[in-house]
Amino acid sequence: MEIGNLTGFALNLDDGRVQVVAEGPRENCHRLLDWLASDDTPGRVDGVTEIWDTPRGGYEGFAIR
């Protein structure tokens, strides 16, 4: 799925979780969250924890780390 206008990263953690940090228009962040909660992701998502904060910037694009 292509959402666009988001910057940040996705990182596989050692315990099997995935950390996603995304910055961009609020609507697009909500689209990302909706996608993560759907059955259309490339992996299995058992749950999503949202933390909203002030964007810090510094991301050039969206990277898989």
# chains A, B, ... in the order shown; residues from 1 in each chain; ligands from 1
>>> residues_around(residues="Trp52 (chain A)", least_positions_apart="3", cutoff="12 Å", atoms="only C-alpha atoms", output="list of chain:residue names")
A:Val20, A:Val21, A:Ala22, A:Glu23, A:Gly24, A:Arg26, A:Cys29, A:His30, A:Leu33, A:Thr49, A:Pro55, A:Arg56
>>> select_by_dssp(residues="chain A", states="alpha helix (DSSP H)", output="PyMOL selection string")
chain A and resi 26-36
>>> write_last_selection(atoms="C-alpha atoms", output="short mmCIF file (atom, residue, chain, number, x, y, z; two decimals), in the first residue's frame")
data_model
loop_
_atom_site.label_atom_id
_atom_site.label_comp_id
_atom_site.auth_asym_id
_atom_site.auth_seq_id
_atom_site.Cartn_x
_atom_site.Cartn_y
_atom_site.Cartn_z
CA ARG A 26 -2.68 13.60 10.35
CA GLU A 27 -5.03 12.05 7.76
CA ASN A 28 -2.17 10.00 6.31
CA CYS A 29 -1.06 8.86 9.78
CA HIS A 30 -4.63 7.67 10.39
CA ARG A 31 -4.55 5.84 7.03
CA LEU A 32 -1.33 4.10 8.13
CA LEU A 33 -2.95 3.04 11.41
CA ASP A 34 -6.03 1.77 9.55
CA TRP A 35 -3.78 -0.23 7.21
CA LEU A 36 -1.86 -1.74 10.14
#
>>> select_by_dssp(residues="region 4-60 of chain A", states="strand (DSSP E)", output="ChimeraX atom specification")
/A:7-12,18-23
>>> atom_distance(atom1="CA of Asn12 (chain A)", atom2="CA of Glu50 (chain A)")
16.8 Å
>>> closest_residue(among="A:Gly47, A:Glu2, A:Ala37, A:Gly58", to="Arg17 (chain A)", atoms="only C-alpha atoms")
A:Gly47
